[in-house]
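Working notes, beginning with the structure itself.
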Amino acid sequence: MPLRSLTDYIKVKSPQEAVELLAKHKDRSKIIAGGTMIHELGERGLLSDINVLIDIEEAGLSFVEADGNEVRIGATTTLTDLLRNDVFLSPQLAALHDALKSVKPVQVRNVATIGGEICSSVPVLDVPPALCVLDAKLSVLGPDGSRITSIRDFFKGMFEPDLKEDEILTEVILKKEEGRVASSYVKIGRTAFDHPVVGVAVKLNLDAENVCRDISIYIANLDDVPYRAKEAEEVIRGEKLDDEVIRKAMEVTPKIEPIPTVHASPWYKRKVTKVLLRDAIKQALSRLEVI
Amino acid sequence: MVSKAIPYPSKVEEELLVAVGKGIAPRDSFLKVTGKAVFGYDFKLPHMLYGKIKHAMVPHAEIVKIDVSEAAKLPGVRCIVTGLDAPKSLRGIALFDTPTLAYDRVRYMGEPVAAVAADDPETAEEAVERIWVEYKELPAVFDPEEAMKPGAPILHPDLPKYGGSLVHGARVKFDIPNVNNYHKVVKGDVEKGFEKSYLVVENKYENAMTQHSHIEPNACVCTYSPDGILTVYTSTQAPYRIRFELSKALGIPENRIRIVGLYCGGGFGNKLTVGPEAICALLAIKSRRPVKMALTREEVFWFTTVRHPHRIYIKDGVSKDGRLLARYIKTILNGGAYSGGSGIVTTRNAAFALGTYNVENVLYEAFRVYTNLPPGGAFRGFGSAQIDFAIEQQMDILAKELGMDPVEFRLKNIVRDGEINVFGELVKGSGHEKVLLACADALGWKERHAKPKQVGPWKRGFGVALVDKYTYCPAAASAMVKVLDDGTIELYASPVEIGCSAPTVLSQMVAEEFKVPIEKVRVVPSDTEFTPFDEGAFSSRTTIVVGNAVIRACRKAKENIAKYAAKILGEAPEDLDVREGYVISKRDPSKRIKIEDLFARGKIRTGVFLDEEGVFIGAASWLSKGGILDPETGRIVDSKGAKVSERAVTSWNTAATGVELEVNVETGQVRIVKLVGVADAGKAINPRLVKSQIISMLTMGMGLALYEGMVWDNGLLVNPDFKDYKLVNVGDLPQEIKTVIVEVPNPIGPYGAKGVGEAVIASTVPAIANAICDAIGARFFNVPITAEMILKKLEEGGGP
């Protein structure tokens, strides 16, 4: 039975209020936004010590603000709201759009929030690798005010986000990058509605000659945290992105032994990672009209 | 009770049908979509307690001690029962081997050992956690063939003492450990058949263990009255069967138990036997309070019945011109810890394995084996989806080896009308040829080579499969109709609404018999207190068996009404027809009287009554006699050729599936492009509902073929949830799903109807396997055929 020990469910009106409650109830409390992860953890009996749920849905954190230089996303913005926003259709941010679209079914997207996707810190979600390649900055609020951190440093382990007991994530910030930049995310699931067996996010920055100035690759569900495929990045960076370079990158990726999933062994994940890496790069290239 | 054929209408009469054959919407759609239909999970009574089960967390152990003292101290806990204070009687269907709560040993992880009733579910659950069980662990066995070896752990030392059903009794083989049912079929001499065969093909197939995954987990409310009546409100497929099993389990006579069949959110065989009802009843009896027990999804996975994995060894011999000369099948059912209602699967599997094709020489052997896993039970198709996975791949393999078209090869071997089938029955009303041809046609089988073989990494393949599911025999049901003064007809019968809309189908039959609009028919919900005997919603039987009883009941009621009206109209009863709310003279239709005018007003004008009759009722039963198979031949004729039974099955329900799909050679993923489901409905009483049955079987079959499988680690279920036990979702379905209804009348079905609830599932699994092989040239002998298995096979160079 979920949340047997729950005594209070508090809807807060501001992020500060949430922080105060966290400071007061410490590890007896938990933040709830869309509730998809809380529901699952509760059903699995993993929240038996939680007395207080702090609902931040009305804390004023559902927004998308874009100007020429950056996009700021409130932590409780739902995946559906993000998916409907044209700003994520740009080649640079398209990985996020791809990832959002691949979260199924739509009922989950309607309630799940971008903050929840991040703060859950589990490897089977689609959105984190996309945000990692985009090098999203996270604004974290605590009793002493805000701090900014990079999402690339945020995942410490399974269920271990870089958040102190009394901190909450308030904003995700995506900065505009100069140059010919495109990103993409592709995944495969066991069925059409599934977490990724493997999901690969790629962001490319090309010069005028289609030589790769920079690349970042993050992969879902190979490790306890989104896996950065540095081995592939090194092969590609500084090279002209032709089939031969892509083939070499596929060869060296992934360097780790993937974690197993029911009906998908490490062997299988290794195999499809290579295919997805190629597809993700090609999808990004097509967004720059290189292919 | 005699079974007499009810003639199906001729073409001319068909045009006059008012309700039968019409695709009307389920009559309770409004209740369901507005959320007002009461399912087991919804049901509540005042002052109700909530029950929770303590499950064993070891696969095989003796129970040394159960300590409930800490649980009893918890405020709000009202009642605790353990195996030690529950009746030690055993229940089951073929074999009585299942305790309500384990009392001496536990045999699988998840087996109930104790239960608590408390004021709320949270308290009950906490109390369950505080129950402490001391075990002495025993060696466990999970593989059925390991369990059959000498020296294997014995799960049921008392097996020789167990009782069983008179009709479907298990045949225990005492010389092999843990075998709790054995069946064989012998026709001719297989060895001789193989000797003269041009080609012999031998393979081994295996299916994963799967869960029914009905959307509503098993749920019930039990209450025990001071005068000793146990009432069970439950989400069940079979009220009368549950009553029988509860009587066995609790030692209460059947007529002191009342089962109220609530709306049932799917069952697929898993609500055919007792689930939580017996344990819930123990709590209600001890606490003298109503108790509700609603399983969680995890509990459904751990503790209810499952579809057994079959391990199938098959050897086929064919002549050069493509005739099946010999077929040897040895199938081993991993039966889990108890018989769970599937002794019958062992026996009846032979029908699916052998009913479709004419094979000169046959030897079929089936062994059901105890292992330390959840009990195998009935599952939509009753074993057919497992065995046909093997048979229908063999048919493709043989065709390929012979260089024949798979459809042509099947047509050459199908059982046809006028032939004697493997059980010794004279075949009448067989749909084999029509169904297979309709399937090939709708799939575009002949034109399949016109489509590109490969686009990018996606390789295209086509597959078909032809199968038979039967409706079991002997099968019986009773029904009663009551005709009210306003012409309303009340139907009293006991099929529950499990999603097939049986009440709608039966109403159509009543409307047809009385030639009235369907709104004039009221179906009384299933309740053993009021509605007469029926064995339950399974084996594609309700339309045929209950339908026949309903029609007979209607005709009896009409006879009674005609008799009553005869004096008034001055006609002989046999010259009168009851239709459209009137009693009408057949000779002079202007001579008629309204049914309501047969009733007289009461003296103080508060109601109506019949002067001489009490009420207008008609009650009848229908029984399909037979089903007894000779133990040595497995046929309705013994080895000397003497008939031991009228028939082996009530109805042969033929189906076929056609598949077009694409396989990604880089990832192993399968994308279904087109599904064709064909069912021989005999006469589709409601074509709209037949169509939805076909679609539901195609999708469920897809899941069994590609995704579904329970994964075990030493008796522990790794994926007891839908996160890692993957079901088909709407996103997996192909753009094109075609359903085709074939109508080859069933000589003993109502209006010619056959059952359509199961067969297509059995043809879908092998059709998908055949299409995958067509695409990439590799055979798969295990299901589910996961993307990983496909990729591995491709890496190894493909090939069978």
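Lettering and numbering for the structure tokens are positional, with chains as A, B, ... in the shown order, residues counted from 1 in each chain, and ligands counted from 1 in the shown order.
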Among range 68-207 of chain A, which residues carry a DSSP assignment of helix (DSSP H, G or I), reported as a PyMOL selection string? chain A and resi 79-83+86-89+94-101+106-111+114-119+127-133+151-153
If you run DSSP over the backbone, which residues in range 541-607 of chain B end up strand (DSSP E)? Put them as JSON, numbers by chain. {"B": [576, 577, 578, 579, 582, 583, 584, 585, 592, 593, 594, 600, 601]}
Convert the current residue selection to file output with all heavy atoms, as a CSV table (one decimal), in the first residue's frame.
chain,number,residue,atom,x,y,z
B,576,LEU,N,-50.8,-22.2,-32.3
B,576,LEU,CA,-50.6,-20.8,-31.9
B,576,LEU,C,-49.1,-20.4,-31.9
B,576,LEU,O,-48.3,-21.3,-31.6
B,576,LEU,CB,-51.2,-20.5,-30.5
B,576,LEU,CG,-52.7,-20.6,-30.4
B,576,LEU,CD1,-53.1,-20.6,-28.9
B,576,LEU,CD2,-53.4,-19.5,-31.2
B,577,ASP,N,-48.8,-19.2,-32.2
B,577,ASP,CA,-47.5,-18.7,-32.2
B,577,ASP,C,-47.4,-17.5,-31.2
B,577,ASP,O,-48.3,-16.8,-31.1
B,577,ASP,CB,-47.1,-18.2,-33.6
B,577,ASP,CG,-45.6,-18.1,-33.8
B,577,ASP,OD1,-44.9,-18.5,-32.9
B,577,ASP,OD2,-45.2,-17.6,-34.9
B,578,VAL,N,-46.3,-17.5,-30.4
B,578,VAL,CA,-46.1,-16.3,-29.5
B,578,VAL,C,-45.1,-15.4,-30.1
B,578,VAL,O,-43.9,-15.9,-30.2
B,578,VAL,CB,-45.7,-16.8,-28.1
B,578,VAL,CG1,-45.5,-15.6,-27.2
B,578,VAL,CG2,-46.8,-17.8,-27.5
B,579,ARG,N,-45.5,-14.3,-30.5
B,579,ARG,CA,-44.5,-13.4,-31.1
B,579,ARG,C,-45.0,-11.9,-31.1
B,579,ARG,O,-46.2,-11.6,-31.0
B,579,ARG,CB,-44.3,-13.7,-32.6
B,579,ARG,CG,-45.6,-13.8,-33.4
B,579,ARG,CD,-45.3,-14.4,-34.8
B,579,ARG,NE,-44.4,-13.5,-35.5
B,579,ARG,CZ,-43.5,-13.9,-36.4
B,579,ARG,NH1,-43.3,-15.2,-36.7
B,579,ARG,NH2,-42.7,-13.0,-37.0
B,582,TYR,N,-47.8,-10.9,-28.8
B,582,TYR,CA,-49.1,-11.4,-29.0
B,582,TYR,C,-49.1,-12.9,-29.0
B,582,TYR,O,-48.0,-13.5,-29.3
B,582,TYR,CB,-49.7,-11.0,-30.4
B,582,TYR,CG,-50.1,-9.5,-30.5
B,582,TYR,CD1,-49.2,-8.6,-30.8
B,582,TYR,CD2,-51.4,-9.1,-30.2
B,582,TYR,CE1,-49.5,-7.2,-30.9
B,582,TYR,CE2,-51.8,-7.8,-30.3
B,582,TYR,CZ,-50.8,-6.9,-30.6
B,582,TYR,OH,-51.2,-5.6,-30.7
B,583,VAL,N,-50.2,-13.5,-28.8
B,583,VAL,CA,-50.4,-14.9,-29.1
B,583,VAL,C,-51.3,-14.9,-30.4
B,583,VAL,O,-52.3,-14.3,-30.4
B,583,VAL,CB,-51.1,-15.7,-28.0
B,583,VAL,CG1,-51.2,-17.2,-28.3
B,583,VAL,CG2,-50.5,-15.5,-26.7
B,584,ILE,N,-50.7,-15.5,-31.4
B,584,ILE,CA,-51.3,-15.4,-32.8
B,584,ILE,C,-51.7,-16.7,-33.4
B,584,ILE,O,-50.8,-17.7,-33.3
B,584,ILE,CB,-50.4,-14.6,-33.7
B,584,ILE,CG1,-50.0,-13.3,-33.1
B,584,ILE,CG2,-51.0,-14.4,-35.1
B,584,ILE,CD1,-48.9,-12.5,-33.9
B,585,SER,N,-52.8,-16.9,-34.0
B,585,SER,CA,-53.2,-18.1,-34.7
B,585,SER,C,-52.3,-18.2,-35.9
B,585,SER,O,-52.2,-17.3,-36.7
B,585,SER,CB,-54.7,-18.1,-35.0
B,585,SER,OG,-54.9,-19.1,-36.0
B,592,ARG,N,-55.9,-13.1,-32.6
B,592,ARG,CA,-54.7,-12.9,-31.8
B,592,ARG,C,-55.1,-12.3,-30.4
B,592,ARG,O,-56.2,-11.7,-30.3
B,592,ARG,CB,-53.7,-12.0,-32.5
B,592,ARG,CG,-54.3,-10.7,-32.9
B,592,ARG,CD,-53.2,-9.7,-33.5
B,592,ARG,NE,-52.6,-10.3,-34.7
B,592,ARG,CZ,-51.4,-9.8,-35.1
B,592,ARG,NH1,-50.8,-8.8,-34.5
B,592,ARG,NH2,-50.9,-10.2,-36.2
B,593,ILE,N,-54.3,-12.4,-29.4
B,593,ILE,CA,-54.5,-11.7,-28.2
B,593,ILE,C,-53.2,-11.2,-27.6
B,593,ILE,O,-52.1,-11.9,-27.8
B,593,ILE,CB,-55.2,-12.6,-27.1
B,593,ILE,CG1,-55.6,-11.9,-25.8
B,593,ILE,CG2,-54.4,-13.9,-26.8
B,593,ILE,CD1,-56.5,-12.6,-24.9
B,594,LYS,N,-53.2,-10.0,-27.1
B,594,LYS,CA,-52.0,-9.4,-26.5
B,594,LYS,C,-51.7,-10.2,-25.2
B,594,LYS,O,-52.5,-10.6,-24.5
B,594,LYS,CB,-52.3,-8.0,-26.1
B,594,LYS,CG,-51.6,-7.0,-26.9
B,594,LYS,CD,-51.8,-5.6,-26.4
B,594,LYS,CE,-50.7,-4.7,-27.0
B,594,LYS,NZ,-51.0,-3.3,-26.7
B,600,ALA,N,-55.1,-10.8,-15.4
B,600,ALA,CA,-56.3,-10.2,-14.9
B,600,ALA,C,-55.8,-9.2,-13.8
B,600,ALA,O,-54.7,-9.3,-13.2
B,600,ALA,CB,-57.2,-11.2,-14.2
B,601,ARG,N,-56.6,-8.1,-13.7
B,601,ARG,CA,-56.3,-7.1,-12.6
B,601,ARG,C,-56.6,-7.6,-11.3
B,601,ARG,O,-57.6,-8.3,-11.0
B,601,ARG,CB,-57.2,-5.8,-12.9
B,601,ARG,CG,-56.5,-4.8,-13.8
B,601,ARG,CD,-55.6,-3.9,-13.0
B,601,ARG,NE,-54.5,-3.5,-13.9
B,601,ARG,CZ,-53.3,-3.1,-13.6
B,601,ARG,NH1,-53.0,-3.1,-12.3
B,601,ARG,NH2,-52.4,-2.7,-14.4
For the interface of chain B with chain A (cut-off 6 Å, counting only C-alpha atoms), please tabulate each contacting residue of chain B alongside its nearest pair of atoms and their separation in Å to one decimal, rows sorted by chain and increasing number, as CSV.
residue,atom,partner,partner_atom,distance
B:Thr667,CA,A:Val272,CA,5.8
B:Gly731,CA,A:Ala192,CA,5.2
B:Asp732,CA,A:Ala192,CA,5.3
B:Glu788,CA,A:Tyr268,CA,5.9
Give me the residues within 10 Å of Val122 in chain A as an NGL selection string, counting only C-alpha atoms and dropping any in the same chain fewer than 4 places off. :A and (37 or 117-118 or 126 or 128 or 155 or 157-161 or 220-221 or 223-226)
Now that the selection is made, can you save its residues with N, CA and C atoms as a PDB file, in the first residue's frame?
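Ended up saving to again.pdb:
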ATOM      1  N   MET A  37       6.792   9.602 -10.453  1.00  0.00           N
ATOM      2  CA  MET A  37       7.839   8.845  -9.765  1.00  0.00           C
ATOM      3  C   MET A  37       7.451   8.544  -8.319  1.00  0.00           C
ATOM      4  N   GLU A 117      11.781  14.717 -14.006  1.00  0.00           N
ATOM      5  CA  GLU A 117      12.654  13.919 -14.876  1.00  0.00           C
ATOM      6  C   GLU A 117      14.106  14.028 -14.403  1.00  0.00           C
ATOM      7  N   ILE A 118      14.466  15.229 -13.929  1.00  0.00           N
ATOM      8  CA  ILE A 118      15.859  15.462 -13.535  1.00  0.00           C
ATOM      9  C   ILE A 118      16.104  14.962 -12.101  1.00  0.00           C
ATOM     10  N   ASP A 126      14.099   9.480 -20.520  1.00  0.00           N
ATOM     11  CA  ASP A 126      14.544   9.970 -21.823  1.00  0.00           C
ATOM     12  C   ASP A 126      15.106  11.387 -21.772  1.00  0.00           C
ATOM     13  N   PRO A 128      16.778  13.318 -19.358  1.00  0.00           N
ATOM     14  CA  PRO A 128      18.106  13.701 -18.853  1.00  0.00           C
ATOM     15  C   PRO A 128      19.246  13.659 -19.872  1.00  0.00           C
ATOM     16  N   PHE A 155      23.967  14.347 -11.572  1.00  0.00           N
ATOM     17  CA  PHE A 155      23.581  12.966 -11.261  1.00  0.00           C
ATOM     18  C   PHE A 155      24.734  12.253 -10.562  1.00  0.00           C
ATOM     19  N   GLY A 157      24.329   9.415  -8.702  1.00  0.00           N
ATOM     20  CA  GLY A 157      24.087   7.973  -8.692  1.00  0.00           C
ATOM     21  C   GLY A 157      22.601   7.745  -8.814  1.00  0.00           C
ATOM     22  N   MET A 158      22.212   6.470  -8.825  1.00  0.00           N
ATOM     23  CA  MET A 158      20.789   6.153  -8.926  1.00  0.00           C
ATOM     24  C   MET A 158      20.055   6.730  -7.711  1.00  0.00           C
ATOM     25  N   PHE A 159      19.015   7.493  -7.923  1.00  0.00           N
ATOM     26  CA  PHE A 159      18.248   8.186  -6.866  1.00  0.00           C
ATOM     27  C   PHE A 159      19.113   9.150  -6.055  1.00  0.00           C
ATOM     28  N   GLU A 160      20.232   9.578  -6.613  1.00  0.00           N
ATOM     29  CA  GLU A 160      21.106  10.494  -5.882  1.00  0.00           C
ATOM     30  C   GLU A 160      21.360  11.759  -6.693  1.00  0.00           C
ATOM     31  N   PRO A 161      20.386  12.677  -6.713  1.00  0.00           N
ATOM     32  CA  PRO A 161      20.642  13.950  -7.384  1.00  0.00           C
ATOM     33  C   PRO A 161      21.526  14.821  -6.479  1.00  0.00           C
ATOM     34  N   ALA A 220      21.203   7.016 -22.331  1.00  0.00           N
ATOM     35  CA  ALA A 220      20.330   6.572 -21.237  1.00  0.00           C
ATOM     36  C   ALA A 220      20.436   5.066 -21.048  1.00  0.00           C
ATOM     37  N   ASN A 221      20.404   4.664 -19.796  1.00  0.00           N
ATOM     38  CA  ASN A 221      20.202   3.265 -19.388  1.00  0.00           C
ATOM     39  C   ASN A 221      21.380   2.326 -19.672  1.00  0.00           C
ATOM     40  N   ASP A 223      24.212   2.962 -17.705  1.00  0.00           N
ATOM     41  CA  ASP A 223      24.879   3.064 -16.414  1.00  0.00           C
ATOM     42  C   ASP A 223      23.855   3.610 -15.407  1.00  0.00           C
ATOM     43  N   ASP A 224      24.261   3.748 -14.153  1.00  0.00           N
ATOM     44  CA  ASP A 224      23.343   4.271 -13.142  1.00  0.00           C
ATOM     45  C   ASP A 224      22.978   5.739 -13.382  1.00  0.00           C
ATOM     46  N   VAL A 225      23.830   6.447 -14.120  1.00  0.00           N
ATOM     47  CA  VAL A 225      23.553   7.848 -14.472  1.00  0.00           C
ATOM     48  C   VAL A 225      23.724   7.953 -15.990  1.00  0.00           C
ATOM     49  N   PRO A 226      23.207   9.019 -16.617  1.00  0.00           N
ATOM     50  CA  PRO A 226      23.406   9.139 -18.067  1.00  0.00           C
ATOM     51  C   PRO A 226      24.896   8.979 -18.395  1.00  0.00           C
TER      52      PRO A 226
END
Skipping near chain neighbours, those fewer than 6 positions away, what residues fall within 6 Å of range 307-323 of chain B using only C-alpha atoms, listed as an NGL selection string? :B and (194 or 197-210 or 329-335 or 376-377 or 379)
Just to be explicit: take each residue in the selection above, keep N, CA, C and O atoms, and write the result as a CSV table (one decimal), in the first residue's frame.
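Saved as again.csv:
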chain,number,residue,atom,x,y,z
B,194,PHE,N,6.8,-43.1,-39.6
B,194,PHE,CA,8.1,-42.5,-39.9
B,194,PHE,C,8.9,-43.3,-40.9
B,194,PHE,O,9.6,-42.7,-41.7
B,197,SER,N,8.0,-42.5,-44.3
B,197,SER,CA,8.0,-41.0,-44.6
B,197,SER,C,9.2,-40.7,-45.6
B,197,SER,O,10.3,-41.2,-45.4
B,198,TYR,N,8.9,-39.7,-46.4
B,198,TYR,CA,9.9,-39.2,-47.3
B,198,TYR,C,10.8,-38.2,-46.6
B,198,TYR,O,12.0,-38.1,-46.8
B,199,LEU,N,10.2,-37.5,-45.6
B,199,LEU,CA,10.9,-36.5,-44.9
B,199,LEU,C,10.4,-36.5,-43.4
B,199,LEU,O,9.3,-36.6,-43.1
B,200,VAL,N,11.4,-36.4,-42.5
B,200,VAL,CA,11.1,-36.4,-41.1
B,200,VAL,C,11.7,-35.1,-40.5
B,200,VAL,O,12.9,-34.9,-40.7
B,201,VAL,N,10.9,-34.4,-39.8
B,201,VAL,CA,11.4,-33.1,-39.2
B,201,VAL,C,11.1,-33.1,-37.7
B,201,VAL,O,10.0,-33.4,-37.3
B,202,GLU,N,12.2,-32.9,-36.9
B,202,GLU,CA,12.1,-33.0,-35.5
B,202,GLU,C,12.5,-31.7,-34.8
B,202,GLU,O,13.6,-31.1,-35.2
B,203,ASN,N,11.8,-31.1,-33.9
B,203,ASN,CA,12.1,-29.9,-33.2
B,203,ASN,C,11.7,-29.8,-31.8
B,203,ASN,O,10.8,-30.6,-31.4
B,204,LYS,N,12.2,-28.9,-31.1
B,204,LYS,CA,11.8,-28.7,-29.7
B,204,LYS,C,11.4,-27.2,-29.5
B,204,LYS,O,12.1,-26.3,-30.0
B,205,TYR,N,10.2,-27.0,-28.9
B,205,TYR,CA,9.7,-25.6,-28.8
B,205,TYR,C,9.4,-25.4,-27.3
B,205,TYR,O,9.2,-26.3,-26.5
B,206,GLU,N,9.4,-24.1,-26.9
B,206,GLU,CA,9.1,-23.8,-25.6
B,206,GLU,C,8.5,-22.4,-25.5
B,206,GLU,O,8.9,-21.5,-26.1
B,207,ASN,N,7.5,-22.3,-24.6
B,207,ASN,CA,6.8,-21.0,-24.4
B,207,ASN,C,7.2,-20.4,-23.0
B,207,ASN,O,7.4,-21.2,-22.0
B,208,ALA,N,7.2,-19.1,-22.9
B,208,ALA,CA,7.5,-18.5,-21.6
B,208,ALA,C,6.2,-18.6,-20.7
B,208,ALA,O,5.1,-18.8,-21.2
B,209,MET,N,6.4,-18.6,-19.4
B,209,MET,CA,5.3,-18.5,-18.5
B,209,MET,C,4.7,-17.1,-18.6
B,209,MET,O,5.5,-16.1,-18.6
B,210,THR,N,3.4,-16.9,-18.7
B,210,THR,CA,2.8,-15.6,-18.8
B,210,THR,C,1.7,-15.4,-17.8
B,210,THR,O,1.1,-16.4,-17.3
B,329,ILE,N,4.3,-36.3,-30.6
B,329,ILE,CA,4.4,-35.1,-29.8
B,329,ILE,C,4.6,-35.5,-28.3
B,329,ILE,O,3.8,-36.3,-27.8
B,330,LYS,N,5.6,-35.0,-27.7
B,330,LYS,CA,5.7,-35.1,-26.3
B,330,LYS,C,5.8,-33.7,-25.7
B,330,LYS,O,6.6,-32.9,-26.0
B,331,THR,N,4.8,-33.4,-24.8
B,331,THR,CA,4.7,-32.1,-24.3
B,331,THR,C,4.8,-32.1,-22.8
B,331,THR,O,4.1,-32.9,-22.2
B,332,ILE,N,5.6,-31.2,-22.2
B,332,ILE,CA,5.8,-31.2,-20.8
B,332,ILE,C,5.4,-29.9,-20.3
B,332,ILE,O,5.9,-28.8,-20.7
B,333,LEU,N,4.3,-29.9,-19.4
B,333,LEU,CA,3.8,-28.7,-18.9
B,333,LEU,C,4.4,-28.4,-17.5
B,333,LEU,O,4.4,-29.2,-16.6
B,334,ASN,N,5.0,-27.2,-17.4
B,334,ASN,CA,5.5,-26.8,-16.1
B,334,ASN,C,4.3,-26.3,-15.3
B,334,ASN,O,3.9,-25.2,-15.5
B,335,GLY,N,3.8,-27.2,-14.5
B,335,GLY,CA,2.6,-26.9,-13.8
B,335,GLY,C,2.6,-26.1,-12.5
B,335,GLY,O,1.6,-25.8,-12.0
B,376,GLY,N,0.1,-23.4,-12.6
B,376,GLY,CA,-0.4,-23.1,-13.9
B,376,GLY,C,-1.9,-23.3,-13.9
B,376,GLY,O,-2.5,-24.1,-13.2
B,377,GLY,N,-2.6,-22.5,-14.7
B,377,GLY,CA,-4.1,-22.6,-14.7
B,377,GLY,C,-4.6,-22.4,-16.1
B,377,GLY,O,-3.8,-22.6,-17.1
B,379,PHE,N,-5.8,-20.4,-19.3
B,379,PHE,CA,-5.4,-19.1,-19.9
B,379,PHE,C,-6.0,-19.1,-21.3
B,379,PHE,O,-5.9,-20.1,-22.0
What is the distance, in Å and to one decimal place, between CA of Gly110 in chain B and CA of Ala385 in chain B?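 One can read the CA of Gly110 in chain B to CA of Ala385 in chain B distance as 26.0 Å.
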With only C-alpha atoms as the counted atoms, please give the residues lying no more than 12 Å from range 408-416 of chain B, apart from itself and same-chain residues fewer than 3 positions off, as a PyMOL selection string. chain B and resi 318-325+354-360+391-405+419-423+425-437+440+445-446+464-468+652+654+656
With a distance cut-off of 8 Å and only C-alpha atoms, select the neighbouring residues of Leu443 in chain B, excluding the residue or stretch itself and same-chain residues fewer than 4 positions from it, and output the selection as a short mmCIF file (atom, residue, chain, number, x, y, z; two decimals) with N, CA and C atoms, in the first residue's frame.
data_model
loop_
_atom_site.label_atom_id
_atom_site.label_comp_id
_atom_site.auth_asym_id
_atom_site.auth_seq_id
_atom_site.Cartn_x
_atom_site.Cartn_y
_atom_site.Cartn_z
N CYS B 439 -8.39 -16.14 -44.96
CA CYS B 439 -7.24 -15.49 -44.34
C CYS B 439 -6.19 -15.14 -45.40
N GLY B 658 -3.34 -14.02 -40.29
CA GLY B 658 -2.38 -13.66 -41.32
C GLY B 658 -1.59 -12.45 -40.86
N VAL B 659 -0.30 -12.46 -41.10
CA VAL B 659 0.56 -11.39 -40.61
C VAL B 659 1.47 -10.88 -41.72
N GLU B 660 1.57 -9.58 -41.83
CA GLU B 660 2.64 -8.98 -42.60
C GLU B 660 3.45 -8.14 -41.62
N LYS B 674 0.50 -5.51 -40.80
CA LYS B 674 -0.90 -5.86 -41.04
C LYS B 674 -1.24 -7.15 -40.30
N LEU B 675 -2.39 -7.14 -39.67
CA LEU B 675 -2.88 -8.34 -39.01
C LEU B 675 -4.25 -8.70 -39.58
N VAL B 676 -4.41 -9.97 -39.89
CA VAL B 676 -5.71 -10.46 -40.35
C VAL B 676 -6.17 -11.54 -39.39
#
Return the single residue from B:Ile93, B:Ala557, B:Leu282, B:Ile229 that is closest to Ala114 in chain B, with distances computed using only C-alpha atoms.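 Closest residue, counting only C-alpha atoms: B:Leu282.
Take the candidates B:Asp143, B:Glu646, B:Asp724, B:Asp575 and check each one against Gly627 in chain B using only C-alpha atoms; the shortest distance goes to B:Glu646.
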